[in-house]
file my_file07.txt (compact mmCIF, C-alpha atoms)
# COMPACT_ATOMS: atom_id res chain seq x y z
CA MET A 1 0.00 0.00 0.00
CA VAL A 2 2.99 2.23 0.39
CA VAL A 3 3.45 1.99 -3.35
CA LEU A 4 -0.13 3.08 -4.03
CA ARG A 5 0.33 6.19 -1.89
CA HIS A 6 3.49 7.22 -3.70
CA PRO A 7 3.06 10.58 -5.55
CA PHE A 8 4.38 9.09 -8.80
CA PHE A 9 1.77 6.35 -8.74
CA ARG A 10 -1.03 8.83 -8.01
CA SER A 11 0.14 11.03 -10.87
CA ALA A 12 0.15 8.06 -13.20
CA VAL A 13 -3.40 7.15 -12.21
CA ALA A 14 -4.51 10.75 -12.73
CA LEU A 15 -2.92 10.86 -16.20
CA THR A 16 -4.54 7.56 -17.14
CA ILE A 17 -7.96 8.91 -16.17
CA LEU A 18 -7.38 12.16 -18.04
CA ALA A 19 -5.90 10.57 -21.16
CA PRO A 20 -9.15 9.83 -23.00
CA ALA A 21 -10.28 13.43 -22.56
CA THR A 22 -7.04 14.88 -23.89
CA ALA A 23 -6.35 12.39 -26.73
CA ALA A 24 -6.22 13.84 -30.23
CA ALA A 25 -9.34 13.47 -32.34
CA ASP A 26 -9.30 10.59 -34.79
CA PRO A 27 -8.26 12.16 -38.15
CA THR A 28 -9.60 9.29 -40.27
CA PRO A 29 -12.57 10.27 -42.45
CA ASP A 30 -16.07 9.71 -41.12
CA ALA A 31 -18.63 7.37 -42.59
CA GLY A 32 -20.27 9.07 -45.55
CA ALA A 33 -17.12 10.94 -46.62
CA LEU A 34 -16.32 11.30 -50.30
CA GLY A 35 -12.77 11.28 -51.59
CA ILE A 36 -10.71 11.81 -54.66
CA GLY A 37 -7.22 10.59 -55.27
CA VAL A 38 -4.58 9.41 -57.65
CA ILE A 39 -2.94 5.98 -57.52
CA GLU A 40 0.28 5.01 -59.23
CA ARG A 41 0.71 1.27 -59.55
CA VAL A 42 3.95 -0.22 -60.84
CA GLY A 43 4.64 -3.89 -61.41
CA THR A 44 7.12 -6.14 -63.13
CA GLU A 45 7.63 -6.11 -66.90
CA SER A 46 6.45 -2.53 -67.32
CA ALA A 47 3.05 -3.29 -65.83
CA ALA A 48 2.23 0.27 -64.77
CA ARG A 49 -1.15 1.77 -64.14
CA GLU A 50 -2.26 5.20 -63.03
CA HIS A 51 -5.82 6.15 -62.12
CA ILE A 52 -7.80 9.07 -60.79
CA VAL A 53 -10.06 7.42 -58.25
CA ALA A 54 -13.29 8.61 -56.67
CA TRP A 55 -13.65 7.16 -53.19
CA MET A 56 -16.62 6.69 -50.92
CA ARG A 57 -16.68 5.59 -47.30
CA PRO A 58 -20.10 4.08 -46.66
CA ALA A 59 -19.20 2.97 -43.12
CA GLU A 60 -16.42 3.50 -40.61
CA ARG A 61 -13.21 1.76 -41.72
CA VAL A 62 -14.58 0.70 -45.13
CA SER A 63 -13.76 2.37 -48.46
CA PHE A 64 -14.71 1.74 -52.06
CA GLY A 65 -13.08 3.34 -55.07
CA ALA A 66 -13.78 3.58 -58.79
CA GLY A 67 -11.23 5.13 -61.10
CA LEU A 68 -10.36 5.96 -64.66
CA GLY A 69 -6.87 6.07 -66.08
CA HIS A 70 -4.47 4.09 -68.16
CA ALA A 71 -2.58 0.84 -68.03
CA THR A 72 0.57 -0.47 -69.53
CA THR A 73 0.54 -4.19 -68.91
CA GLN A 74 2.97 -6.98 -69.67
CA LEU A 75 4.78 -6.60 -73.02
CA ALA A 76 3.96 -2.89 -73.07
CA ARG A 77 0.38 -3.25 -74.19
CA SER A 78 -1.14 0.09 -73.31
CA GLY A 79 -4.54 1.65 -73.17
CA VAL A 80 -7.41 3.04 -71.15
CA SER A 81 -8.22 1.36 -67.87
CA VAL A 82 -10.92 1.33 -65.21
CA ARG A 83 -10.04 0.51 -61.62
CA LEU A 84 -12.24 -0.83 -58.83
CA SER A 85 -11.06 -1.03 -55.22
CA ALA A 86 -12.51 -2.23 -51.95
CA ALA A 87 -10.66 -1.85 -48.67
CA ALA A 88 -11.02 -2.00 -44.91
CA ASP A 89 -8.60 -0.26 -42.56
CA VAL A 90 -7.45 -0.71 -38.99
CA PRO A 91 -5.64 1.97 -36.95
CA LEU A 92 -2.08 1.04 -36.06
CA THR A 93 -0.79 4.01 -34.11
CA ASP A 94 -0.86 7.78 -33.82
CA ILE A 95 2.01 9.91 -35.11
CA GLY A 96 1.50 13.21 -33.37
CA ASP A 97 -2.01 14.26 -34.34
CA SER A 98 -1.86 12.13 -37.49
CA ALA A 99 -2.73 8.47 -37.71
CA LEU A 100 -1.08 5.44 -39.26
CA LEU A 101 -3.45 2.77 -40.56
CA ILE A 102 -3.10 -0.57 -42.25
CA GLU A 103 -5.53 -1.17 -45.06
CA GLY A 104 -6.35 -4.42 -46.83
CA GLY A 105 -8.61 -5.16 -49.73
CA ALA A 106 -8.87 -6.08 -53.38
CA VAL A 107 -8.10 -4.32 -56.65
CA ALA A 108 -9.35 -5.01 -60.16
CA THR A 109 -8.25 -3.08 -63.23
CA LEU A 110 -10.12 -3.52 -66.48
CA GLY A 111 -8.07 -2.30 -69.41
CA ALA A 112 -8.51 -2.01 -73.16
CA SER A 113 -5.01 -2.27 -74.58
CA ASP A 114 -3.46 -2.11 -78.03
CA ALA A 115 -3.69 -5.88 -78.24
CA GLY A 116 -7.14 -6.38 -76.71
CA LEU A 117 -8.71 -6.43 -73.30
CA VAL A 118 -6.43 -6.90 -70.33
CA THR A 119 -7.70 -7.40 -66.81
CA SER A 120 -5.81 -7.70 -63.57
CA VAL A 121 -7.12 -8.80 -60.20
CA GLY A 122 -5.47 -9.23 -56.85
CA PRO A 123 -5.41 -8.47 -53.14
CA ALA A 124 -3.67 -5.39 -51.79
CA VAL A 125 -2.27 -4.27 -48.46
CA ARG A 126 -1.29 -0.67 -47.76
CA LEU A 127 0.13 1.50 -45.02
CA VAL A 128 -1.88 4.72 -44.87
CA TRP A 129 -0.74 7.95 -43.23
CA GLN A 130 -3.75 10.14 -42.49
CA ALA A 131 -2.80 13.75 -41.87
CA ALA A 132 -4.59 15.71 -39.17
CA ALA A 133 -4.17 19.31 -40.37
CA GLU A 134 -5.68 18.55 -43.79
CA PRO A 135 -7.97 15.73 -44.92
CA ILE A 136 -5.12 14.11 -46.86
CA ALA A 137 -4.05 10.48 -46.79
CA ILE A 138 -0.89 9.09 -48.37
CA SER A 139 -0.53 5.37 -48.80
CA ALA A 140 2.12 2.92 -49.93
CA GLY A 141 1.19 -0.66 -50.62
CA TRP A 142 1.92 -3.99 -52.20
CA SER A 143 -0.31 -6.16 -54.31
CA PRO A 144 0.33 -9.52 -55.95
CA GLU A 145 -1.90 -9.75 -58.99
CA LEU A 146 -2.98 -11.88 -61.89
CA GLN A 147 -3.12 -10.33 -65.34
CA LEU A 148 -5.62 -12.06 -67.60
CA LEU A 149 -4.06 -11.61 -71.02
CA PRO A 150 -5.83 -11.22 -74.38
CA ASP A 151 -4.38 -14.49 -75.67
CA GLY A 152 -5.98 -16.41 -72.82
CA GLY A 153 -2.83 -16.62 -70.75
CA VAL A 154 -2.31 -15.56 -67.17
CA PHE A 155 0.66 -13.56 -65.93
CA ASP A 156 1.26 -13.17 -62.22
CA ALA A 157 3.12 -10.08 -61.12
CA PRO A 158 3.78 -8.30 -57.85
CA SER A 159 2.91 -4.62 -57.93
CA GLY A 160 3.62 -1.67 -55.70
CA GLU A 161 1.24 1.22 -55.18
CA LEU A 162 1.59 4.82 -54.11
CA SER A 163 -1.46 7.01 -53.64
CA VAL A 164 -2.74 10.35 -52.42
CA ARG A 165 -6.34 10.78 -51.32
CA LEU A 166 -8.29 13.83 -50.22
CA TRP A 167 -11.47 13.34 -48.17
CA PHE A 168 -14.47 15.67 -48.06
CA MET B 1 -14.47 39.96 -47.34
CA SER B 2 -11.87 40.77 -44.67
CA ALA B 3 -8.17 40.93 -45.52
CA PRO B 4 -7.25 37.63 -43.81
CA ALA B 5 -10.16 35.87 -45.48
CA LEU B 6 -9.16 37.34 -48.83
CA ALA B 7 -5.59 36.11 -48.31
CA ALA B 8 -6.86 32.64 -47.48
CA ASP B 9 -9.11 32.51 -50.54
CA ILE B 10 -6.90 30.96 -53.19
CA THR B 11 -9.44 31.72 -55.90
CA ARG B 12 -8.61 35.45 -55.52
CA ARG B 13 -4.87 34.98 -55.91
CA LYS B 14 -3.29 35.83 -59.24
CA THR B 15 -0.35 33.48 -59.76
CA GLY B 16 0.36 29.85 -59.05
CA ILE B 17 3.84 28.39 -59.28
CA GLY B 18 4.41 24.69 -58.97
CA VAL B 19 5.15 21.37 -60.54
CA ASN B 20 2.94 19.53 -62.98
CA THR B 21 3.60 16.07 -64.32
CA ALA B 22 1.46 13.75 -66.39
CA LEU B 23 2.05 10.21 -67.52
CA THR B 24 0.41 8.73 -70.61
CA SER B 25 -0.58 5.14 -71.20
CA ARG B 26 2.57 4.79 -73.31
CA GLN B 27 4.60 5.89 -70.28
CA ASP B 28 5.44 9.22 -71.88
CA LEU B 29 6.10 11.95 -69.35
CA GLN B 30 4.79 15.47 -69.86
CA GLY B 31 5.01 18.67 -67.86
CA GLY B 32 7.65 20.06 -65.57
CA LEU B 33 7.38 23.40 -63.84
CA ALA B 34 3.98 25.02 -64.07
CA LEU B 35 3.06 28.69 -64.06
CA THR B 36 -0.65 29.37 -63.72
CA LEU B 37 -2.08 32.85 -64.18
CA ARG B 38 -5.61 33.88 -63.28
CA ALA B 39 -6.52 35.85 -66.38
CA ARG B 40 -9.98 36.96 -65.38
CA GLU B 41 -12.40 35.78 -62.71
CA GLN B 42 -11.82 32.02 -62.65
CA MET B 43 -10.26 31.57 -66.08
CA LEU B 44 -6.72 30.26 -65.69
CA ILE B 45 -3.87 30.09 -68.19
CA ARG B 46 -1.29 27.45 -67.39
CA ILE B 47 2.14 27.20 -68.97
CA SER B 48 4.19 24.07 -68.30
CA ALA B 49 7.68 23.13 -69.41
CA PRO B 50 10.26 21.76 -70.19
CA TYR B 51 9.34 18.25 -71.25
CA VAL B 52 6.84 16.77 -73.66
CA GLN B 53 7.00 13.25 -74.90
CA ALA B 54 4.60 11.73 -77.36
CA ALA B 55 3.99 8.43 -79.02
CA ARG B 56 7.19 6.76 -77.88
CA VAL B 57 9.51 9.52 -79.15
CA HIS B 58 12.08 9.77 -76.37
CA PRO B 59 13.13 12.05 -74.92
CA GLY B 60 11.18 15.12 -75.84
CA TRP B 61 11.46 18.74 -74.91
CA GLY B 62 8.75 21.35 -75.19
CA ALA B 63 6.04 23.29 -73.47
CA GLY B 64 2.33 23.18 -72.90
CA ALA B 65 -0.37 25.79 -72.60
CA ASP B 66 -3.83 25.15 -71.19
CA VAL B 67 -6.85 27.39 -70.68
CA LEU B 68 -8.78 26.19 -67.66
CA TRP B 69 -12.04 27.30 -66.10
CA ARG B 70 -12.42 26.78 -62.37
CA THR B 71 -15.78 26.05 -60.76
CA GLY B 72 -16.74 25.43 -57.17
CA PRO B 73 -16.25 24.82 -54.37
CA GLU B 74 -17.94 21.53 -55.10
CA LEU B 75 -17.03 19.87 -51.78
CA LYS B 76 -15.72 21.10 -48.42
CA ALA B 77 -14.05 19.53 -45.41
CA GLY B 78 -13.59 22.27 -42.84
CA ASP B 79 -11.75 25.02 -44.70
CA THR B 80 -10.31 22.63 -47.29
CA LYS B 81 -12.25 22.91 -50.52
CA LEU B 82 -12.49 20.99 -53.77
CA PHE B 83 -12.84 22.81 -57.09
CA LEU B 84 -13.10 21.51 -60.63
CA ARG B 85 -11.03 22.78 -63.56
CA TYR B 86 -11.55 21.97 -67.21
CA GLY B 87 -10.50 23.24 -70.60
CA PRO B 88 -8.45 22.64 -73.72
CA GLY B 89 -4.70 22.61 -74.10
CA LEU B 90 -1.80 22.17 -76.45
CA LEU B 91 1.65 20.65 -76.10
CA ILE B 92 4.41 21.29 -78.62
CA GLY B 93 8.03 20.26 -78.69
CA THR B 94 10.75 18.30 -80.35
CA ASP B 95 12.80 15.23 -79.67
CA SER B 96 16.26 15.75 -78.25
CA TYR B 97 17.84 15.54 -81.73
CA GLY B 98 15.65 18.30 -83.13
CA VAL B 99 14.43 15.96 -85.85
CA GLU B 100 10.88 15.05 -84.89
CA SER B 101 8.27 17.63 -84.01
CA LEU B 102 5.86 16.79 -81.23
CA ALA B 103 2.35 18.19 -81.17
CA VAL B 104 -0.47 17.13 -78.87
CA VAL B 105 -3.92 18.64 -78.37
CA GLN B 106 -5.67 17.71 -75.16
CA GLY B 107 -8.63 18.23 -72.93
CA VAL B 108 -8.09 18.70 -69.22
CA ALA B 109 -10.54 17.63 -66.50
CA SER B 110 -9.11 18.33 -63.10
CA ALA B 111 -10.05 18.11 -59.42
CA GLU B 112 -8.26 20.86 -57.48
CA ALA B 113 -8.07 20.80 -53.69
CA HIS B 114 -7.44 24.13 -51.90
CA LEU B 115 -5.70 23.46 -48.62
CA SER B 116 -6.71 25.39 -45.53
CA SER B 117 -3.31 25.57 -43.84
CA ALA B 118 -1.38 27.18 -46.74
CA PRO B 119 -2.13 28.80 -50.12
CA VAL B 120 -1.42 25.50 -51.84
CA THR B 121 -3.48 23.56 -54.35
CA ILE B 122 -3.19 19.88 -55.18
CA SER B 123 -4.67 18.92 -58.54
CA MET B 124 -5.37 15.55 -60.10
CA GLU B 125 -6.33 15.53 -63.75
CA LEU B 126 -7.32 13.37 -66.66
CA ARG B 127 -6.10 14.51 -70.06
CA PRO B 128 -7.55 12.80 -73.13
CA GLN B 129 -5.08 13.53 -75.90
CA LEU B 130 -4.72 13.46 -79.65
CA VAL B 131 -1.14 13.15 -80.79
CA LEU B 132 -0.84 15.06 -84.08
CA ALA B 133 2.89 14.68 -84.65
CA PRO B 134 5.16 12.85 -85.24
CA TYR B 135 2.20 10.60 -86.09
CA ALA B 136 -1.44 10.33 -85.20
CA ALA B 137 -2.50 8.53 -82.04
CA ALA B 138 -5.02 8.83 -79.24
CA ASP B 139 -3.90 8.66 -75.65
CA LEU B 140 -4.93 9.35 -72.08
CA ALA B 141 -2.67 10.99 -69.54
CA VAL B 142 -3.12 11.14 -65.78
CA GLY B 143 -1.60 14.26 -64.29
CA THR B 144 -0.88 15.68 -60.86
CA GLU B 145 0.06 19.19 -59.86
CA VAL B 146 1.06 21.02 -56.70
CA SER B 147 1.09 24.84 -56.82
CA TRP B 148 1.74 27.64 -54.38
CA TRP B 149 -0.41 30.72 -55.01
CA PHE B 150 0.64 34.34 -54.68

call {"tool": "encode", "arguments": {"input": "my_file07.txt", "output": "structure tokens"}}
result
Amino acid sequence: MVVLRHPFFRSAVALTILAPATAAADPTPDAGALGIGVIERVGTESAAREHIVAWMRPAERVSFGAGLGHATTQLARSGVSVRLSAAADVPLTDIGDSALLIEGGAVATLGASDAGLVTSVGPAVRLVWQAAAEPIAISAGWSPELQLLPDGGVFDAPSGELSVRLWF
Amino acid sequence: MSAPALAADITRRKTGIGVNTALTSRQDLQGGLALTLRAREQMLIRISAPYVQAARVHPGWGAGADVLWRTGPELKAGDTKLFLRYGPGLLIGTDSYGVESLAVVQGVASAEAHLSSAPVTISMELRPQLVLAPYAAADLAVGTEVSWWF
């Protein structure tokens, strides 16, 4: 009981009680938020895609995106591409007033290339830094994917992603 | 409008200086430094340089000029606002040997975020393009831009 009466211990208890009241507000976007962003996706054998993506957040921690852009897939077939994304995020830690999240989901890109239709599908995992001063999120991620080629073949390729999103 | 509010309103500022880059489906890079002037009301004239690549002619040097109309704010999050910009543009240049001429006409459809903490805009744009020279092709570029406004 001597320990419990020690000033340090009492201070620690007081800080623990006060902590929830003084914690920074969660900077992640609320349910119902709309977003816009750009995603650069680069894979092996010149499989690069870039899309402007409109995002919606129908519920806390869940995001859906639909985008338009271009794709250069295996063997430098290039053309217009549509991207669909679904993701769920979990907070990892706070960095100052900002937040670091981990986000997992799926990505599909539907592309019309020089040589015909090219589609890629795959899971994705991203680290997301959500700024506090502005509604900006920056993410870096990794995504193994399957490219369904015009000749009926399948090409598997790891891809990296870098994105910026703004939430309103 | 008070002086601080006027200063914070990026739509009233005259000049934007920043960086604009766009990548086409053929992995051609376009843009460079960007100077944007507010000609009248919300009509913007943007000059970008020094690189223009087109239709797999590498590397290319040149400049672009776009006329953009700004509308909005369309969306708000606190004092951060989203505007739209759209308009036509032209890119001209040459390859590094001075042999091939490069000419591209394009449309620009852009989402422009005005930050609340600084007179900075972040733009993301789609640019459907017609390559006129060195040969005819259609393309689509995805561009990004960050500008500081004075």

call {"tool": "closest_atom_pairs", "arguments": {"input": "my_file07.txt", "of": "stretch 42-82 of chain B", "to": "stretch 26-39 of chain A", "cutoff": "12 Å", "atoms": "all atoms listed in the file", "output": "CSV"}}
result
residue,atom,partner,partner_atom,distance
B:Glu74,CA,A:Leu34,CA,11.4
B:Leu75,CA,A:Leu34,CA,8.7
B:Lys76,CA,A:Leu34,CA,10.0
B:Ala77,CA,A:Ala33,CA,9.2
B:Lys81,CA,A:Gly35,CA,11.7
B:Leu82,CA,A:Ile36,CA,9.4

call {"tool": "residues_around", "arguments": {"input": "my_file07.txt", "residues": "A:Ala86", "least_positions_apart": "2", "cutoff": "7 Å", "atoms": "only C-alpha atoms", "output": "PDB file with C-alpha atoms, keeping the file's coordinate frame"}}
result
ATOM      1  CA  SER A  63     -13.760   2.370 -48.460  1.00  0.00           C
ATOM      2  CA  PHE A  64     -14.710   1.740 -52.060  1.00  0.00           C
ATOM      3  CA  GLY A  65     -13.080   3.340 -55.070  1.00  0.00           C
ATOM      4  CA  GLY A 105      -8.610  -5.160 -49.730  1.00  0.00           C
ATOM      5  CA  ALA A 106      -8.870  -6.080 -53.380  1.00  0.00           C
ATOM      6  CA  VAL A 107      -8.100  -4.320 -56.650  1.00  0.00           C
TER       7      VAL A 107
END

call {"tool": "interface_residues", "arguments": {"input": "my_file07.txt", "of": "chain B", "to": "chain A", "cutoff": "12 Å", "atoms": "only C-alpha atoms", "output": "ChimeraX atom specification"}}
result
/B:22-28,55-56,73-84,109-118,120-129,137-145

call {"tool": "residues_around", "arguments": {"input": "my_file07.txt", "residues": "A:Thr119", "least_positions_apart": "4", "cutoff": "7 Å", "atoms": "all atoms listed in the file", "output": "VMD selection string"}}
result
chain A and resid 109 to 111 147 to 149

call {"tool": "closest_residue", "arguments": {"input": "my_file07.txt", "among": "A:Arg57, A:Arg41, A:Arg126, A:Arg165", "to": "A:Arg83", "atoms": "all atoms listed in the file"}}
result
A:Arg41

call {"tool": "atom_distance", "arguments": {"input": "my_file07.txt", "atom1": "atom CA of A:Thr93", "atom2": "atom CA of A:Trp129"}}
result
9.9 Å

call {"tool": "atom_distance", "arguments": {"input": "my_file07.txt", "atom1": "atom CA of A:Ile95", "atom2": "atom CA of A:Trp55"}}
result
24.1 Å

call {"tool": "atom_distance", "arguments": {"input": "my_file07.txt", "atom1": "atom CA of A:Ile102", "atom2": "atom CA of A:Val62"}}
result
11.9 Å

call {"tool": "closest_residue", "arguments": {"input": "my_file07.txt", "among": "B:Gly16, B:Pro119, B:Pro59, B:Pro50", "to": "B:Gly31", "atoms": "only C-alpha atoms"}}
result
B:Pro50

call {"tool": "closest_residue", "arguments": {"input": "my_file07.txt", "among": "B:Ala65, B:Leu44, B:Val146, B:Leu37", "to": "B:Leu91", "atoms": "only C-alpha atoms"}}
result
B:Ala65

call {"tool": "residues_around", "arguments": {"input": "my_file07.txt", "residues": "B:Thr94", "least_positions_apart": "5", "cutoff": "6 Å", "atoms": "only C-alpha atoms", "output": "list in words"}}
result
Gly60, Trp61, Glu100, Ser101 and Leu102 of chain B

call {"tool": "write_last_selection", "arguments": {"input": "my_file07.txt", "atoms": "C-alpha atoms", "output": "compact mmCIF listing (two decimals), keeping the file's coordinate frame"}}
result
# COMPACT_ATOMS: atom_id res chain seq x y z
CA GLY B 60 11.18 15.12 -75.84
CA TRP B 61 11.46 18.74 -74.91
CA GLU B 100 10.88 15.05 -84.89
CA SER B 101 8.27 17.63 -84.01
CA LEU B 102 5.86 16.79 -81.23

call {"tool": "residues_around", "arguments": {"input": "my_file07.txt", "residues": "B:Arg38", "least_positions_apart": "6", "cutoff": "10 Å", "atoms": "only C-alpha atoms", "output": "MDAnalysis selection string"}}
result
chainID B and resid 11:16 44:46 67:70

call {"tool": "axis_aligned_box", "arguments": {"input": "my_file07.txt", "around": "stretch 47-50 of chain A", "padding_each_side": "5 Å", "output": "lines of an AutoDock Vina configuration file"}}
result
center_x = 0.4
center_y = 1.0
center_z = -64.4
size_x = 15.3
size_y = 18.5
size_z = 12.8

call {"tool": "residues_around", "arguments": {"input": "my_file07.txt", "residues": "B:Val131", "least_positions_apart": "3", "cutoff": "7 Å", "atoms": "all atoms listed in the file", "output": "ChimeraX atom specification"}}
result
/B:54,103-105,135-138

call {"tool": "closest_residue", "arguments": {"input": "my_file07.txt", "among": "A:Gly152, A:Pro144, A:Gly96, A:Gly104", "to": "A:Gln130", "atoms": "all atoms listed in the file"}}
result
A:Gly96

call {"tool": "residues_near_point", "arguments": {"input": "my_file07.txt", "point": "(4.1, 20.8, -62.4)", "cutoff": "6 Å", "atoms": "all atoms listed in the file", "output": "number ranges by chain"}}
result
B: 18-21, 31-34, 145
